[in-house]
$ cat input.cif   # mmCIF, C-alpha atoms
data_final
#
loop_
_atom_site.label_atom_id
_atom_site.label_comp_id
_atom_site.auth_asym_id
_atom_site.auth_seq_id
_atom_site.Cartn_x
_atom_site.Cartn_y
_atom_site.Cartn_z
CA MET A 1 -20.10 44.41 0.12
CA TRP A 2 -23.31 46.46 0.46
CA ASN A 3 -24.63 44.18 3.18
CA ARG A 4 -21.45 44.77 5.22
CA ILE A 5 -21.79 48.54 4.80
CA LEU A 6 -25.46 48.52 5.81
CA ASP A 7 -24.68 46.33 8.81
CA ALA A 8 -21.97 48.79 9.86
CA PHE A 9 -24.42 51.70 9.74
CA ALA A 10 -26.92 49.67 11.71
CA GLY A 11 -24.28 48.84 14.32
CA LYS A 12 -24.38 45.11 13.49
CA GLU A 13 -21.36 42.85 13.30
CA PRO A 14 -20.75 41.19 9.90
CA ALA A 15 -21.78 37.54 9.78
CA ALA A 16 -18.97 35.24 10.85
CA LYS A 17 -17.32 33.22 8.12
CA PRO A 18 -18.61 29.63 8.23
CA GLU A 19 -16.17 27.22 9.86
CA THR A 20 -14.36 24.77 7.62
CA PRO A 21 -12.77 21.42 8.57
CA GLU A 22 -9.38 23.18 8.31
CA ASP A 23 -10.56 25.79 10.82
CA PHE A 24 -11.71 23.02 13.16
CA LEU A 25 -8.31 21.30 13.01
CA ALA A 26 -6.49 24.58 13.58
CA ARG A 27 -8.58 25.24 16.71
CA ASN A 28 -8.04 21.75 18.07
CA PRO A 29 -4.36 20.72 18.07
CA GLU A 30 -5.28 17.56 20.00
CA VAL A 31 -6.97 16.28 16.82
CA LEU A 32 -3.88 17.06 14.78
CA ASP A 33 -1.81 15.19 17.36
CA LEU A 34 -4.08 12.17 17.03
CA LEU A 35 -3.88 12.31 13.23
CA GLU A 36 -0.10 12.61 13.35
CA GLY A 37 0.04 9.60 15.67
CA LEU A 38 -1.99 7.64 13.13
CA GLY A 39 0.55 8.56 10.47
CA TYR A 40 -1.29 11.46 8.84
CA ASP A 41 1.34 13.17 6.72
CA ALA A 42 -0.50 15.49 4.33
CA PRO A 43 1.45 18.55 5.60
CA LEU A 44 4.75 16.68 5.12
CA ARG A 45 3.79 15.58 1.60
CA ALA A 46 2.65 19.08 0.67
CA GLU A 47 5.94 20.56 1.90
CA ALA A 48 7.92 17.89 0.08
CA ARG A 49 6.13 18.69 -3.18
CA ALA A 50 6.74 22.41 -2.70
CA LEU A 51 10.46 21.79 -2.15
CA PHE A 52 10.62 19.47 -5.16
CA ALA A 53 8.97 22.19 -7.27
CA GLN A 54 11.70 24.59 -6.11
CA LEU A 55 14.34 22.09 -7.20
CA THR A 56 12.87 21.59 -10.66
CA SER A 57 12.22 25.30 -11.22
CA SER A 58 15.87 26.07 -10.48
CA ILE A 59 17.16 23.95 -13.38
CA ARG A 60 18.56 25.88 -16.33
CA VAL A 61 19.51 24.76 -19.82
CA GLU A 62 22.86 25.38 -21.52
CA ILE A 63 23.08 24.57 -25.23
CA VAL A 64 26.58 23.26 -25.89
CA ASP A 65 26.31 23.11 -29.71
CA TYR A 66 23.37 25.04 -31.16
CA ALA A 67 23.92 24.03 -34.80
CA ALA A 68 24.19 20.33 -33.96
CA LEU A 69 21.16 20.49 -31.67
CA HIS A 70 19.03 22.27 -34.28
CA LYS A 71 20.04 19.62 -36.81
CA SER A 72 19.17 16.82 -34.37
CA ILE A 73 15.73 18.32 -33.74
CA ALA A 74 15.04 18.41 -37.49
CA ALA A 75 16.20 14.82 -37.85
CA THR A 76 13.99 13.72 -34.97
CA ILE A 77 10.93 15.42 -36.48
CA ALA A 78 11.51 13.27 -39.56
CA ARG A 79 10.94 10.23 -37.30
CA ALA A 80 7.67 11.60 -35.90
CA ASN A 81 5.85 8.34 -36.63
CA GLU A 82 7.97 6.70 -33.89
CA LEU A 83 6.99 9.27 -31.24
CA PRO A 84 3.96 10.15 -29.10
CA ALA A 85 1.87 13.12 -30.25
CA ALA A 86 2.97 15.24 -27.27
CA ALA A 87 6.65 14.72 -28.16
CA VAL A 88 6.00 15.68 -31.79
CA ALA A 89 4.22 18.87 -30.70
CA PHE A 90 7.16 19.74 -28.43
CA LEU A 91 9.64 19.19 -31.27
CA ASN A 92 7.60 21.35 -33.64
CA THR A 93 7.66 24.13 -31.06
CA LEU A 94 11.44 23.84 -30.72
CA SER A 95 11.91 23.90 -34.50
CA SER A 96 10.34 27.36 -34.60
CA ALA A 97 13.32 28.82 -32.71
CA ARG A 98 15.67 30.77 -34.95
CA ASP A 99 18.55 31.47 -32.57
CA PRO A 100 20.20 29.98 -29.46
CA GLU A 101 18.46 32.43 -27.12
CA SER A 102 14.92 31.60 -28.25
CA LEU A 103 15.66 27.86 -28.26
CA THR A 104 17.12 28.10 -24.75
CA ALA A 105 14.01 29.94 -23.57
CA LEU A 106 11.75 27.20 -24.96
CA LEU A 107 13.85 24.47 -23.31
CA ASN A 108 13.75 26.34 -20.00
CA ALA A 109 9.92 26.22 -19.85
CA ASP A 110 10.10 22.82 -18.12
CA PRO A 111 13.63 21.49 -18.45
CA VAL A 112 13.06 18.48 -16.22
CA HIS A 113 9.95 17.00 -17.82
CA ASP A 114 10.41 18.23 -21.42
CA GLN A 115 13.21 16.18 -22.96
CA ILE A 116 14.22 15.96 -26.59
CA PRO A 117 13.78 12.43 -28.02
CA PHE A 118 16.95 10.85 -29.44
CA VAL A 119 18.98 13.63 -27.77
CA GLU A 120 18.10 13.51 -24.06
CA GLN A 121 16.14 10.28 -24.30
CA ILE A 122 17.04 7.25 -26.38
CA PRO A 123 14.93 4.11 -26.96
CA VAL A 124 16.20 0.87 -25.42
CA LEU A 125 14.61 -2.53 -26.07
CA ARG A 126 14.10 -4.39 -22.80
CA ASN A 127 12.15 -7.63 -22.42
CA GLY A 128 10.42 -7.09 -25.73
CA SER A 129 9.31 -3.50 -25.06
CA VAL A 130 10.88 -0.12 -25.73
CA THR A 131 11.97 2.00 -22.77
CA TRP A 132 13.20 5.56 -23.13
CA THR A 133 16.25 6.34 -21.02
CA SER A 134 18.93 9.00 -20.71
CA PRO A 135 22.21 8.30 -22.50
CA ALA A 136 25.41 7.99 -20.49
CA ARG A 137 26.79 11.21 -21.95
CA LEU A 138 25.07 14.24 -23.45
CA SER A 139 27.14 16.46 -25.72
CA LEU A 140 24.53 18.91 -27.03
CA VAL A 141 22.81 20.24 -23.87
CA ARG A 142 23.46 20.57 -20.15
CA LYS A 143 20.82 20.96 -17.45
CA PHE A 144 22.03 22.10 -14.05
CA PRO A 145 20.94 24.32 -11.12
CA ALA A 146 21.06 28.07 -11.60
CA ASP A 147 22.46 28.33 -8.05
CA ARG A 148 24.20 25.20 -6.80
CA ALA A 149 24.31 26.31 -3.14
CA VAL A 150 20.57 27.12 -3.03
CA PHE A 151 19.79 23.83 -4.80
CA LEU A 152 21.74 21.82 -2.22
CA GLU A 153 20.16 23.74 0.66
CA THR A 154 16.67 23.00 -0.70
CA LEU A 155 17.60 19.36 -1.23
CA GLY A 156 18.77 19.20 2.39
CA ARG A 157 15.44 20.57 3.62
CA LEU A 158 13.63 17.92 1.57
CA GLU A 159 15.87 15.20 2.99
CA ALA A 160 15.21 16.39 6.55
CA LEU A 161 11.46 15.80 6.13
CA PHE A 162 12.12 12.07 5.75
CA ALA A 163 14.97 11.76 8.25
CA GLU A 164 13.00 10.08 11.04
CA PRO A 165 10.92 6.87 10.79
CA HIS A 166 7.31 6.84 11.98
CA PRO A 167 5.72 3.74 13.52
CA ALA A 168 2.50 4.16 11.50
CA ARG A 169 4.23 4.77 8.17
CA ALA A 170 5.81 2.32 5.77
CA GLU A 171 9.59 2.36 6.09
CA PRO A 172 10.60 1.17 2.58
CA VAL A 173 9.04 4.16 0.80
CA ARG A 174 10.68 6.61 3.24
CA VAL A 175 14.08 5.01 2.64
CA GLY A 176 13.36 5.08 -1.09
CA VAL A 177 13.02 8.86 -1.01
CA LEU A 178 16.30 9.19 0.92
CA ASP A 179 18.08 6.97 -1.62
CA ALA A 180 16.81 9.16 -4.45
CA VAL A 181 17.99 12.30 -2.63
CA GLU A 182 21.47 10.82 -2.23
CA ARG A 183 21.58 9.85 -5.92
CA LEU A 184 20.68 13.42 -6.88
CA ARG A 185 23.33 14.82 -4.56
CA LYS A 186 25.99 12.63 -6.20
CA ASP A 187 24.88 13.57 -9.73
CA ILE A 188 25.26 17.28 -9.07
CA ASP A 189 28.98 16.80 -8.35
CA ARG A 190 29.68 15.02 -11.63
CA ALA A 191 31.34 16.79 -14.54
CA ASN A 192 28.86 18.01 -17.17
CA ALA A 193 26.03 17.43 -14.70
CA TYR A 194 22.67 16.50 -16.25
CA LEU A 195 20.09 16.41 -13.47
CA PRO A 196 16.65 15.65 -14.99
CA THR A 197 17.19 11.88 -14.73
CA ALA A 198 17.91 12.00 -11.00
CA LEU A 199 15.11 14.52 -10.42
CA LEU A 200 12.59 12.34 -12.22
CA PHE A 201 13.76 9.36 -10.17
CA LEU A 202 13.18 11.40 -7.01
CA GLU A 203 9.72 12.39 -8.27
CA THR A 204 8.88 8.71 -8.79
CA ARG A 205 9.96 7.92 -5.23
CA LEU A 206 7.84 10.80 -3.89
CA ASP A 207 4.88 9.38 -5.85
CA GLU A 208 5.48 5.99 -4.22
CA TYR A 209 5.64 7.61 -0.80
CA ASP A 210 2.35 9.44 -1.43
CA ALA A 211 0.66 6.22 -2.47
CA HIS A 212 2.02 3.85 0.17
CA SER A 213 3.40 5.78 3.15
CA ILE A 214 0.51 5.14 5.54
CA ARG A 215 -0.26 1.59 6.60
CA PRO A 216 -3.73 0.40 5.48
CA ARG A 217 -5.31 0.25 8.95
CA SER A 218 -4.04 3.71 9.87
CA ALA A 219 -5.16 5.06 6.50
CA GLU A 220 -8.69 3.77 7.12
CA ARG A 221 -8.80 5.45 10.53
CA ILE A 222 -7.48 8.74 9.16
CA GLU A 223 -9.97 8.70 6.31
CA ALA A 224 -12.83 7.93 8.70
CA LEU A 225 -11.88 10.69 11.14
CA MET A 226 -11.43 13.29 8.40
CA SER A 227 -14.76 12.28 6.85
CA ILE A 228 -16.56 12.56 10.21
CA ILE A 229 -15.04 15.98 10.89
CA ALA A 230 -15.94 17.26 7.42
CA GLY A 231 -19.48 15.89 7.70
CA ALA A 232 -20.04 17.24 11.23
CA VAL A 233 -18.73 20.71 10.36
CA ALA A 234 -20.98 20.85 7.29
CA LEU A 235 -23.98 19.75 9.35
CA SER A 236 -23.20 22.44 11.95
CA ARG A 237 -23.60 25.02 9.21
CA ARG A 238 -26.77 23.41 7.89
CA LEU A 239 -28.45 23.43 11.29
CA GLU A 240 -28.61 27.22 11.09
CA ARG A 241 -31.45 26.44 8.67
CA PRO A 242 -32.46 22.84 9.43
CA GLN A 243 -33.43 20.59 6.56
CA PRO A 244 -35.17 17.20 6.37
CA GLY A 245 -32.71 14.40 6.89
CA ASP A 246 -30.32 16.37 9.12
CA ARG A 247 -31.15 14.24 12.16
CA GLU A 248 -30.37 11.02 10.28
CA ALA A 249 -27.18 12.45 8.81
CA ILE A 250 -25.93 13.53 12.25
CA ALA A 251 -26.77 10.12 13.70
CA ALA A 252 -24.82 8.44 10.88
CA GLN A 253 -21.71 10.53 11.63
CA ALA A 254 -21.99 9.87 15.36
CA ALA A 255 -22.52 6.12 14.85
CA SER A 256 -19.44 5.93 12.60
CA TYR A 257 -17.41 7.70 15.26
CA VAL A 258 -18.71 5.58 18.17
CA ALA A 259 -17.81 2.42 16.24
CA ARG A 260 -14.14 3.49 16.00
CA PRO A 261 -12.76 4.10 19.53
CA LYS A 262 -9.21 4.47 18.18
CA ILE A 263 -10.14 7.83 16.64
CA HIS A 264 -11.92 9.27 19.68
CA THR A 265 -10.76 12.65 20.90
CA PRO A 266 -12.56 15.16 23.17
CA ALA A 267 -12.88 17.86 20.51
CA VAL A 268 -14.68 15.61 18.03
CA THR A 269 -16.81 14.08 20.79
CA LYS A 270 -17.84 17.59 21.85
CA LEU A 271 -18.67 18.54 18.25
CA LEU A 272 -20.93 15.51 17.79
CA LEU A 273 -22.61 15.96 21.17
CA THR A 274 -23.40 19.56 20.27
CA LEU A 275 -25.06 18.39 17.07
CA LEU A 276 -27.05 15.61 18.73
CA LEU A 277 -28.33 18.01 21.40
CA HIS A 278 -29.35 20.71 18.94
CA ASP A 279 -33.01 21.81 19.18
CA ALA A 280 -33.62 20.68 15.61
CA VAL A 281 -32.35 17.17 16.38
CA ILE A 282 -33.70 16.21 19.82
CA ALA A 283 -37.21 14.85 20.17
CA ARG A 284 -39.88 15.38 22.82
CA THR A 285 -42.37 12.92 24.25
CA ARG A 286 -44.58 15.67 25.66
CA ARG A 287 -44.57 19.39 26.26
CA VAL A 288 -41.37 20.58 27.94
CA TYR A 289 -41.54 23.48 30.40
CA GLY A 290 -39.18 26.39 31.03
CA ALA A 291 -37.07 24.92 33.83
CA SER A 292 -36.20 21.86 31.73
CA VAL A 293 -35.38 24.05 28.72
CA ARG A 294 -33.01 26.13 30.84
CA LYS A 295 -31.32 23.04 32.25
CA LEU A 296 -30.73 21.66 28.77
CA ARG A 297 -29.29 25.01 27.68
CA MET A 298 -26.88 24.91 30.61
CA ILE A 299 -25.81 21.39 29.69
CA ARG A 300 -25.20 22.51 26.10
CA ASP A 301 -23.12 25.44 27.36
CA GLU A 302 -20.95 23.12 29.45
CA ILE A 303 -20.41 20.82 26.48
CA SER A 304 -19.64 23.66 24.06
CA THR A 305 -16.97 25.02 26.41
CA GLY A 306 -15.58 21.59 27.19
CA THR A 307 -16.23 21.97 30.94
CA TYR A 308 -18.43 18.96 31.50
CA ASN A 309 -18.24 15.67 33.33
CA SER A 310 -19.39 12.81 31.13
CA ALA A 311 -21.05 10.69 33.83
CA GLU A 312 -22.83 13.61 35.50
CA THR A 313 -23.97 15.01 32.14
CA ALA A 314 -25.45 11.63 31.20
CA ALA A 315 -27.32 11.49 34.55
CA ARG A 316 -28.74 14.99 34.06
CA LEU A 317 -29.90 14.16 30.53
CA ARG A 318 -31.68 11.05 31.81
CA ARG A 319 -33.54 13.18 34.32
CA LEU A 320 -34.53 15.54 31.52
CA GLU A 321 -35.91 12.58 29.59
CA ASP A 322 -38.24 11.98 32.56
CA GLN A 323 -39.46 15.55 31.99
CA GLY A 324 -40.32 15.13 28.31
CA TYR A 325 -37.12 15.17 26.28
CA TYR A 326 -35.92 12.22 24.23
CA PHE A 327 -32.21 11.99 23.32
CA SER A 328 -30.51 9.68 20.87
CA SER A 329 -28.81 6.70 22.47
CA LEU A 330 -25.68 7.88 20.64
CA VAL A 331 -25.51 10.77 23.11
CA TYR A 332 -24.97 8.31 25.95
CA ALA A 333 -22.48 6.30 23.89
CA LEU A 334 -20.45 9.46 23.31
CA LEU A 335 -20.61 10.41 26.98
CA GLY A 336 -19.21 7.01 27.81
CA GLY A 337 -16.21 7.81 25.60
CA PRO A 338 -13.17 10.01 26.27
CA LYS A 339 -13.49 12.21 29.32
CA ASN A 340 -12.82 15.90 29.00
CA PRO A 341 -9.54 16.96 30.64
CA GLN A 342 -11.40 19.81 32.46
CA PRO A 343 -14.41 18.13 34.10
CA ALA A 344 -17.01 20.26 35.81
CA ASP A 345 -17.33 20.08 39.59
#

$ encode --input "input.cif" --output "structure tokens"
Amino acid sequence: MWNRILDAFAGKEPAAKPETPEDFLARNPEVLDLLEGLGYDAPLRAEARALFAQLTSSIRVEIVDYAALHKSIAATIARANELPAAAVAFLNTLSSARDPESLTALLNADPVHDQIPFVEQIPVLRNGSVTWTSPARLSLVRKFPADRAVFLETLGRLEALFAEPHPARAEPVRVGVLDAVERLRKDIDRANAYLPTALLFLETRLDEYDAHSIRPRSAERIEALMSIIAGAVALSRRLERPQPGDREAIAAQAASYVARPKIHTPAVTKLLLTLLLHDAVIARTRRVYGASVRKLRMIRDEISTGTYNSAETAARLRRLEDQGYYFSSLVYALLGGPKNPQPAD
């Protein structure tokens, strides 16, 4: 704070906030378009999780028979040796309630994920192992949306996110989410609706989508591009105070990018060129004089504004090498890549 105040008195502008990879993507929609074409769906998944959280947080508990439920909780605690430690702790918390209101409040803390063993979940032996599942009918508690209309509207928004297929994304997991949405929509219309089972099924399908939505080849390209952007942005900040190894780190990012033409885009090419042509990165074979320094500065300015012609820039750099500069071969590989849509005359 004091530095900002002193700078204000001195008539200086506060230091700009360092750019982040998120800032870079926000400034360069072409990169987001490329990522979306590759199947990148982090924004979709984040929105889907936010909508799912709204669905689960809207569920409310109604105790149908308090006395019977309290008795069932006590009976279940007596079978604690059959239950996981977390379930026993939950039951002990519920047993502390002394009236319907306090018990309802405890059950409303997380009504979807916190379920009472032997009441909301019963053990079933399948293929030699025990699986806990919801009974066909529940007589002691109900769990339903506080506002049915808002719940259905939120569910519709979640469904809309997965309405259209994407060529780079796996279709079965998208359809799986839609199936789970439809199952939830049917359950809400049933008498004595109990929705945690359908909500948990939907959560499982969202987990499967998160894990398998992007095809492996596209996922590798997305991961590589995001890694290059993050590394290049971090190196841009570091070059304000160059450190040993920066040149090698920049070359590694550029080499990774050059090797993957499917992820090339002008904005990332420009970013890497700017790094490779930084004073702390370029080498010199002999003393370089003022005219050459000014020419290189002009080339950098063209690149930074995106108003350069790749072939002409490469030719000018080669002439500067005759005058004492030495540029990484990766510079020429990048200039042979995607052309800027606004080439210089």

$ resolve_selection --input "input.cif" --expression "the PyMOL selection byres ((chain A and resi 107) around 10)" --output "VMD selection string"
chain A and resid 60 to 63 90 93 to 94 101 to 106 108 to 112 114 to 116 141 143

$ closest_residue --input "input.cif" --among "A:His166, A:Arg221, A:His278, A:Arg287" --to "Tyr257 in chain A" --atoms "all atoms listed in the file"
A:Arg221

$ resolve_selection --input "input.cif" --expression "the PyMOL selection byres ((chain A and resi 57) around 12)" --output "list in words"
Ala50, Leu51, Phe52, Ala53, Gln54, Leu55, Thr56, Ser58, Ile59, Arg60, Val61, Asn108, Ala109, Asp110, Pro111, Val112, His113, Lys143, Phe144, Pro145, Ala146, Asp147, Val150, Phe151, Thr154, Pro196 and Leu199 of chain A

$ residues_around --input "input.cif" --residues "Leu239 in chain A" --least-positions-apart "2" --cutoff "12 Å" --atoms "only C-alpha atoms" --output "PyMOL selection string"
chain A and resi 232-237+241-247+249-250+274-281

$ residues_around --input "input.cif" --residues "Asn28 in chain A" --least-positions-apart "2" --cutoff "12 Å" --atoms "only C-alpha atoms" --output "ChimeraX atom specification"
/A:21-26,30-35,229,265-271,306

$ write_last_selection --input "input.cif" --atoms "C-alpha atoms" --output "JSON list (two decimals), in the coordinates of the input"
[["chain", "number", "residue", "atom", "x", "y", "z"],
["A", 21, "PRO", "CA", -12.77, 21.42, 8.57],
["A", 22, "GLU", "CA", -9.38, 23.18, 8.31],
["A", 23, "ASP", "CA", -10.56, 25.79, 10.82],
["A", 24, "PHE", "CA", -11.71, 23.02, 13.16],
["A", 25, "LEU", "CA", -8.31, 21.30, 13.01],
["A", 26, "ALA", "CA", -6.49, 24.58, 13.58],
["A", 30, "GLU", "CA", -5.28, 17.56, 20.00],
["A", 31, "VAL", "CA", -6.97, 16.28, 16.82],
["A", 32, "LEU", "CA", -3.88, 17.06, 14.78],
["A", 33, "ASP", "CA", -1.81, 15.19, 17.36],
["A", 34, "LEU", "CA", -4.08, 12.17, 17.03],
["A", 35, "LEU", "CA", -3.88, 12.31, 13.23],
["A", 229, "ILE", "CA", -15.04, 15.98, 10.89],
["A", 265, "THR", "CA", -10.76, 12.65, 20.90],
["A", 266, "PRO", "CA", -12.56, 15.16, 23.17],
["A", 267, "ALA", "CA", -12.88, 17.86, 20.51],
["A", 268, "VAL", "CA", -14.68, 15.61, 18.03],
["A", 269, "THR", "CA", -16.81, 14.08, 20.79],
["A", 270, "LYS", "CA", -17.84, 17.59, 21.85],
["A", 271, "LEU", "CA", -18.67, 18.54, 18.25],
["A", 306, "GLY", "CA", -15.58, 21.59, 27.19]]

$ residues_around --input "input.cif" --residues "Asp210 in chain A" --least-positions-apart "2" --cutoff "12 Å" --atoms "all atoms listed in the file" --output "list in words"
Tyr40, Asp41, Ala42, Pro43, Leu44, Arg45, Ala46, Ala48, Arg49, Arg169, Ala170, Val173, Arg174, Gly176, Val177, Glu203, Thr204, Arg205, Leu206, Asp207, Glu208, His212, Ser213, Ile214, Arg215 and Ala219 of chain A

$ residues_around --input "input.cif" --residues "Val293 in chain A" --least-positions-apart "4" --cutoff "12 Å" --atoms "only C-alpha atoms" --output "PyMOL selection string"
chain A and resi 277-279+282+284+287-289+297-300+317+320-321+323-325

$ closest_residue --input "input.cif" --among "A:Tyr308, A:Ala254, A:Lys71, A:Phe201" --to "Ser227 in chain A" --atoms "only C-alpha atoms"
A:Ala254

$ atom_distance --input "input.cif" --atom1 "CA of Val258 in chain A" --atom2 "CA of Phe327 in chain A"
15.8 Å

$ axis_aligned_box --input "input.cif" --around "range 293-308 of chain A" --padding-each-side "8 Å" --output "lines of an AutoDock Vina configuration file"
center_x = -25.5
center_y = 22.5
center_z = 28.2
size_x = 35.8
size_y = 23.2
size_z = 24.2

$ atom_distance --input "input.cif" --atom1 "CA of Ala149 in chain A" --atom2 "CA of Glu171 in chain A"
29.6 Å

$ atom_distance --input "input.cif" --atom1 "CA of Ile263 in chain A" --atom2 "CA of Thr313 in chain A"
22.0 Å

$ resolve_selection --input "input.cif" --expression "the PyMOL selection byres ((chain A and resi 332) around 10)" --output "list in words"
Leu273, Ser310, Ala311, Thr313, Ala314, Ala315, Leu317, Arg318, Phe327, Ser328, Ser329, Leu330, Val331, Ala333, Leu334, Leu335, Gly336 and Gly337 of chain A

$ write_last_selection --input "input.cif" --atoms "C-alpha atoms" --output "PDB file, keeping the file's coordinate frame"
ATOM      1  CA  LEU A 273     -22.610  15.960  21.170  1.00  0.00           C
ATOM      2  CA  SER A 310     -19.390  12.810  31.130  1.00  0.00           C
ATOM      3  CA  ALA A 311     -21.050  10.690  33.830  1.00  0.00           C
ATOM      4  CA  THR A 313     -23.970  15.010  32.140  1.00  0.00           C
ATOM      5  CA  ALA A 314     -25.450  11.630  31.200  1.00  0.00           C
ATOM      6  CA  ALA A 315     -27.320  11.490  34.550  1.00  0.00           C
ATOM      7  CA  LEU A 317     -29.900  14.160  30.530  1.00  0.00           C
ATOM      8  CA  ARG A 318     -31.680  11.050  31.810  1.00  0.00           C
ATOM      9  CA  PHE A 327     -32.210  11.990  23.320  1.00  0.00           C
ATOM     10  CA  SER A 328     -30.510   9.680  20.870  1.00  0.00           C
ATOM     11  CA  SER A 329     -28.810   6.700  22.470  1.00  0.00           C
ATOM     12  CA  LEU A 330     -25.680   7.880  20.640  1.00  0.00           C
ATOM     13  CA  VAL A 331     -25.510  10.770  23.110  1.00  0.00           C
ATOM     14  CA  ALA A 333     -22.480   6.300  23.890  1.00  0.00           C
ATOM     15  CA  LEU A 334     -20.450   9.460  23.310  1.00  0.00           C
ATOM     16  CA  LEU A 335     -20.610  10.410  26.980  1.00  0.00           C
ATOM     17  CA  GLY A 336     -19.210   7.010  27.810  1.00  0.00           C
ATOM     18  CA  GLY A 337     -16.210   7.810  25.600  1.00  0.00           C
TER      19      GLY A 337
END

$ closest_residue --input "input.cif" --among "A:Leu200, A:Ala97, A:Asn192, A:Glu47" --to "Ala160 in chain A" --atoms "all atoms listed in the file"
A:Glu47

$ build_atoms --input "input.cif" --residues "range 266-280 of chain A" --atoms "N, CA and C atoms" --output "mmCIF file, in the frame of the given file"
data_model
loop_
_atom_site.group_PDB
_atom_site.id
_atom_site.type_symbol
_atom_site.label_atom_id
_atom_site.label_comp_id
_atom_site.auth_asym_id
_atom_site.auth_seq_id
_atom_site.Cartn_x
_atom_site.Cartn_y
_atom_site.Cartn_z
ATOM 1 N N PRO A 266 -11.530 14.311 22.560
ATOM 2 C CA PRO A 266 -12.560 15.160 23.170
ATOM 3 C C PRO A 266 -13.164 16.197 22.236
ATOM 4 N N ALA A 267 -12.360 16.795 21.377
ATOM 5 C CA ALA A 267 -12.880 17.860 20.510
ATOM 6 C C ALA A 267 -13.940 17.332 19.545
ATOM 7 N N VAL A 268 -13.704 16.165 18.967
ATOM 8 C CA VAL A 268 -14.680 15.610 18.030
ATOM 9 C C VAL A 268 -15.902 15.099 18.782
ATOM 10 N N THR A 269 -15.683 14.508 19.964
ATOM 11 C CA THR A 269 -16.810 14.080 20.790
ATOM 12 C C THR A 269 -17.703 15.269 21.127
ATOM 13 N N LYS A 270 -17.092 16.375 21.524
ATOM 14 C CA LYS A 270 -17.840 17.590 21.850
ATOM 15 C C LYS A 270 -18.626 18.093 20.639
ATOM 16 N N LEU A 271 -18.002 18.085 19.477
ATOM 17 C CA LEU A 271 -18.670 18.540 18.250
ATOM 18 C C LEU A 271 -19.915 17.708 17.968
ATOM 19 N N LEU A 272 -19.791 16.386 18.077
ATOM 20 C CA LEU A 272 -20.930 15.510 17.790
ATOM 21 C C LEU A 272 -22.010 15.625 18.855
ATOM 22 N N LEU A 273 -21.615 15.762 20.112
ATOM 23 C CA LEU A 273 -22.610 15.960 21.170
ATOM 24 C C LEU A 273 -23.410 17.247 20.937
ATOM 25 N N THR A 274 -22.728 18.290 20.542
ATOM 26 C CA THR A 274 -23.400 19.560 20.270
ATOM 27 C C THR A 274 -24.441 19.401 19.169
ATOM 28 N N LEU A 275 -24.103 18.629 18.158
ATOM 29 C CA LEU A 275 -25.060 18.390 17.070
ATOM 30 C C LEU A 275 -26.248 17.566 17.547
ATOM 31 N N LEU A 276 -25.982 16.499 18.285
ATOM 32 C CA LEU A 276 -27.050 15.610 18.730
ATOM 33 C C LEU A 276 -27.994 16.278 19.723
ATOM 34 N N LEU A 277 -27.507 17.313 20.417
ATOM 35 C CA LEU A 277 -28.330 18.010 21.400
ATOM 36 C C LEU A 277 -28.908 19.314 20.865
ATOM 37 N N HIS A 278 -28.784 19.517 19.568
ATOM 38 C CA HIS A 278 -29.350 20.710 18.940
ATOM 39 C C HIS A 278 -30.880 20.632 18.977
ATOM 40 N N ASP A 279 -31.541 21.786 19.113
ATOM 41 C CA ASP A 279 -33.010 21.810 19.180
ATOM 42 C C ASP A 279 -33.662 21.147 17.986
ATOM 43 N N ALA A 280 -33.025 21.255 16.815
ATOM 44 C CA ALA A 280 -33.620 20.680 15.610
ATOM 45 C C ALA A 280 -33.452 19.167 15.545
#
